Amino acid sequence: MTSALTYRPVYLGLYAALILAIACNAFLDIQYGSFSTEVLIWAGVLGYTLLVGWKQKALTSDYGRSRQKVVLAGSIVLTVIFFMPVWGLPRAGLYLLGGLQASLNCVTTTRRNLHMGLLVSMVMVIFAASHYRADWTMLFYLLPYIVAVVFTLVAEQISRRTENLNNDGAGSGTTTGQGAAIAAATAAILLTGGLLYSVTPQITRPTLFWQHGQPGTFGTTDSPHQNGESGIQSGGAGSTGGTSGSKHGNRWPTAGEMRSAAQRPGMPQWQSSVINALADLVESTERTLTPIRLGLEERWNDVKQWLEEHRKELALTLLTLLLLALIAAAWRLLREMRPGIWLRTRMDYLRLGLLELHAPSNTGARQYYMAFARLLDLYGVERLAAMDSRDYLAQVCQRFRELRREFVELTLIFEKARYGNVVLSPNEVQRMRTLYRQIFVHVRQAP
């Protein structure tokens with residue numbers, strides 16, 4: 001497998017992931033009005049450096065290495081003269097990391113470089129999402145970032161598999177086919193991940209603290225942007241309650257809170273329009289669902305009141321139903337176990353098989369045969385009233401083929417005693433006892 005990187009959509013996905021990671025961090029200072037300018041500058045730098053990396057066609061050249069050194073030197077200079085005075089640590093260190101990634105873009109020609117770029121973008125996004133100024137409005141950049149990362153990884157995997165197949169002569173992939181495969185795989189992964197996230201219990205966001213003691217407010221409805229630096233004061237190292245957003249939990253913001261966020265200074269116009277549209281949708285949905293919700297609540301309150309008033313009757317009814325269910329289960333169990341015939345067969349074996357307490361001659365032979373029939377009835381072979389001895393013999397031989405010889409011999413002795421005009425000898429009755437004992441032992445051990 002080759003580690004070369006040449007597929008254009010992979011570079012586009014990496015570019016989108018890096019831009020959105022920068023946008024998440026620039027969004028923290030949106031109230032100062034420099035968000036759009038900052039993102040555009042980074043978009044130009046990252047786009048140029050990734051273009052340099054892509055044009056090398058998986059082979060790092062001297063031109064790429066020289067561009068890398070230039071961008072690296074510029075990043076260090078900007079950190080000293082601009083990033084540190086404006087933002088200080090740790091934000092300046094984060095932007096220095098972005099500059100280092102921009103220099104690495106110039107020599108991004110392998111999968112290793114691609115994965116490093118995605119890792120850097122993830123670090124930047126985690127930093128932004130855990131910042132005290134982050135709130136639900138950052139989802140406009142965080143959710144597309146997740147899509148961009150999944151798309152990039154899927155595109156890289158599919159392009160590499162296609163290239164391997166082409167090298168092996170197994171076929172030639174088309175651009176349309178690769179695009180459809182990438183779109184389908186990306187959608188499947190995102191839908192599966194969203195489903196798993198929706199059914200998995202999530203920890204409350206304000207309880208997430210970082211090493212400096214500042215809890216993240218991402219996912220809360222309060223806007224730390226409107227309160228300046230008050231988020232630090234309310235959630236410092238000595239705070240146990242988190243920011244003011246902790247009192248709201250992680251509920252979806254109301255229409256009023258959405259419109260308040262849309263009017264935040266520095267908010268891009270397109271984002272304000274989308275948030276206002278969402279607020280209108282929430283209001284219309286609330287107007288439609290409020291009567292239904294109130295009606296359901298009223299019915300539920302009536303049900304709870306009725307349950308409270310008839311609590312004793314319900315408990316008695318449930319207890320009665322439980323008792324009836326136990327009786328029915330016991331009856332079905334006894335019906336399957338057939339305790340009466342089970343006990344009768346054991347008494348037969350004790351009286352006839354062990355103690356030899358049988359009648360003499362032909363009467364004793366009939367006693368052994370009837371005990372034999374009851375024994376096989378217990379194990380699922382019932383002798384119907386219309387069956388003669390030969391029909392019953394065929395049935396039991398089909399069920400217990402390994403005992404066919406014993407069945408035949410016992411039946412012949414019984415027929416001689418039942419239908420013949422002779423008196424059985426004591427040896428013949430003793431033989432029936434021996435056959436009965438053998439059948440009893442083998443039937444019990446049969447599966």
# chains A, B, ... in the order shown; residues from 1 in each chain; ligands from 1
>>> residues_around(residues="A:Gln101", least_positions_apart="2", cutoff="12 Å", atoms="only C-alpha atoms", output="ChimeraX atom specification")
/A:14-15,18-19,21-22,42,45-47,49-50,68-69,71-72,75,94-99,103-108,113-121,123-124
>>> residues_around(residues="A:Glu283", least_positions_apart="5", cutoff="10 Å", atoms="only C-alpha atoms", output="number ranges by chain")
A: 254-256, 277-278, 288-289
>>> write_last_selection(atoms="C-alpha atoms", output="PDB file, in the first residue's frame")
ATOM      1  CA  THR A 254     -35.517  29.596  23.626  1.00  0.00           C
ATOM      2  CA  ALA A 255     -36.538  31.827  20.729  1.00  0.00           C
ATOM      3  CA  GLY A 256     -35.693  34.932  22.751  1.00  0.00           C
ATOM      4  CA  ALA A 277     -34.952  31.737  11.124  1.00  0.00           C
ATOM      5  CA  LEU A 278     -34.411  29.047  13.747  1.00  0.00           C
ATOM      6  CA  THR A 288     -48.502  24.398  17.343  1.00  0.00           C
ATOM      7  CA  LEU A 289     -47.388  21.979  20.029  1.00  0.00           C
TER       8      LEU A 289
END
>>> residues_around(residues="A:Tyr349", least_positions_apart="5", cutoff="9 Å", atoms="only C-alpha atoms", output="list in words")
Arg344, Leu354, Leu355, Ala371, Tyr436, Arg437 and Phe440 of chain A
>>> residues_around(residues="A:Gln445", least_positions_apart="4", cutoff="12 Å", atoms="only C-alpha atoms", output="count of residues only")
7
>>> residues_around(residues="A:Gln271", least_positions_apart="2", cutoff="12 Å", atoms="only C-alpha atoms", output="PDB file with N, CA and C atoms, in the first residue's frame")
ATOM      1  N   PHE A  27     -13.987  32.693  16.575  1.00  0.00           N
ATOM      2  CA  PHE A  27     -15.325  32.984  17.046  1.00  0.00           C
ATOM      3  C   PHE A  27     -15.338  33.380  18.521  1.00  0.00           C
ATOM      4  N   SER A  36     -14.463  37.972  10.593  1.00  0.00           N
ATOM      5  CA  SER A  36     -14.402  37.714   9.153  1.00  0.00           C
ATOM      6  C   SER A  36     -13.009  37.967   8.600  1.00  0.00           C
ATOM      7  N   THR A 137     -23.753  28.710  19.829  1.00  0.00           N
ATOM      8  CA  THR A 137     -23.629  29.291  18.493  1.00  0.00           C
ATOM      9  C   THR A 137     -22.373  28.806  17.766  1.00  0.00           C
ATOM     10  N   MET A 138     -21.415  28.225  18.488  1.00  0.00           N
ATOM     11  CA  MET A 138     -20.237  27.664  17.825  1.00  0.00           C
ATOM     12  C   MET A 138     -20.568  26.403  17.032  1.00  0.00           C
ATOM     13  N   LEU A 139     -21.736  25.828  17.270  1.00  0.00           N
ATOM     14  CA  LEU A 139     -22.141  24.650  16.508  1.00  0.00           C
ATOM     15  C   LEU A 139     -22.207  24.924  15.010  1.00  0.00           C
ATOM     16  N   PHE A 140     -22.389  26.168  14.622  1.00  0.00           N
ATOM     17  CA  PHE A 140     -22.402  26.519  13.197  1.00  0.00           C
ATOM     18  C   PHE A 140     -21.066  26.223  12.529  1.00  0.00           C
ATOM     19  N   TYR A 141     -20.012  26.125  13.298  1.00  0.00           N
ATOM     20  CA  TYR A 141     -18.690  25.818  12.753  1.00  0.00           C
ATOM     21  C   TYR A 141     -18.196  24.444  13.205  1.00  0.00           C
ATOM     22  N   MET A 258     -32.227  32.901  21.292  1.00  0.00           N
ATOM     23  CA  MET A 258     -31.661  32.824  19.940  1.00  0.00           C
ATOM     24  C   MET A 258     -31.548  34.208  19.314  1.00  0.00           C
ATOM     25  N   ARG A 259     -32.603  35.001  19.431  1.00  0.00           N
ATOM     26  CA  ARG A 259     -32.565  36.342  18.838  1.00  0.00           C
ATOM     27  C   ARG A 259     -31.537  37.220  19.553  1.00  0.00           C
ATOM     28  N   ALA A 261     -28.755  36.112  20.791  1.00  0.00           N
ATOM     29  CA  ALA A 261     -27.464  35.687  20.255  1.00  0.00           C
ATOM     30  C   ALA A 261     -27.250  36.216  18.846  1.00  0.00           C
ATOM     31  N   ALA A 262     -28.324  36.305  18.058  1.00  0.00           N
ATOM     32  CA  ALA A 262     -28.195  36.806  16.689  1.00  0.00           C
ATOM     33  C   ALA A 262     -27.804  38.286  16.652  1.00  0.00           C
ATOM     34  N   GLN A 263     -28.138  39.037  17.686  1.00  0.00           N
ATOM     35  CA  GLN A 263     -27.817  40.461  17.741  1.00  0.00           C
ATOM     36  C   GLN A 263     -26.469  40.742  18.391  1.00  0.00           C
ATOM     37  N   ARG A 264     -25.727  39.704  18.665  1.00  0.00           N
ATOM     38  CA  ARG A 264     -24.433  39.882  19.304  1.00  0.00           C
ATOM     39  C   ARG A 264     -23.501  40.684  18.395  1.00  0.00           C
ATOM     40  N   GLY A 266     -20.606  41.765  16.109  1.00  0.00           N
ATOM     41  CA  GLY A 266     -19.630  41.019  15.343  1.00  0.00           C
ATOM     42  C   GLY A 266     -20.163  39.741  14.725  1.00  0.00           C
ATOM     43  N   MET A 267     -21.411  39.367  15.015  1.00  0.00           N
ATOM     44  CA  MET A 267     -21.973  38.136  14.450  1.00  0.00           C
ATOM     45  C   MET A 267     -22.115  38.287  12.942  1.00  0.00           C
ATOM     46  N   PRO A 268     -21.628  37.329  12.130  1.00  0.00           N
ATOM     47  CA  PRO A 268     -21.797  37.409  10.679  1.00  0.00           C
ATOM     48  C   PRO A 268     -23.267  37.491  10.291  1.00  0.00           C
ATOM     49  N   GLN A 269     -23.528  38.199   9.201  1.00  0.00           N
ATOM     50  CA  GLN A 269     -24.905  38.418   8.798  1.00  0.00           C
ATOM     51  C   GLN A 269     -25.616  37.111   8.467  1.00  0.00           C
ATOM     52  N   SER A 273     -28.960  35.629  10.307  1.00  0.00           N
ATOM     53  CA  SER A 273     -30.185  35.291   9.576  1.00  0.00           C
ATOM     54  C   SER A 273     -30.628  33.866   9.864  1.00  0.00           C
ATOM     55  N   VAL A 274     -29.672  32.949   9.898  1.00  0.00           N
ATOM     56  CA  VAL A 274     -30.024  31.549  10.188  1.00  0.00           C
ATOM     57  C   VAL A 274     -30.568  31.411  11.607  1.00  0.00           C
ATOM     58  N   ILE A 275     -29.940  32.093  12.571  1.00  0.00           N
ATOM     59  CA  ILE A 275     -30.401  31.991  13.963  1.00  0.00           C
ATOM     60  C   ILE A 275     -31.806  32.577  14.095  1.00  0.00           C
ATOM     61  N   ASN A 276     -32.064  33.699  13.442  1.00  0.00           N
ATOM     62  CA  ASN A 276     -33.412  34.274  13.485  1.00  0.00           C
ATOM     63  C   ASN A 276     -34.437  33.346  12.845  1.00  0.00           C
ATOM     64  N   ALA A 277     -34.036  32.702  11.749  1.00  0.00           N
ATOM     65  CA  ALA A 277     -34.952  31.737  11.124  1.00  0.00           C
ATOM     66  C   ALA A 277     -35.236  30.569  12.058  1.00  0.00           C
ATOM     67  N   LEU A 278     -34.210  30.111  12.764  1.00  0.00           N
ATOM     68  CA  LEU A 278     -34.411  29.047  13.747  1.00  0.00           C
ATOM     69  C   LEU A 278     -35.339  29.507  14.876  1.00  0.00           C
TER      70      LEU A 278
END
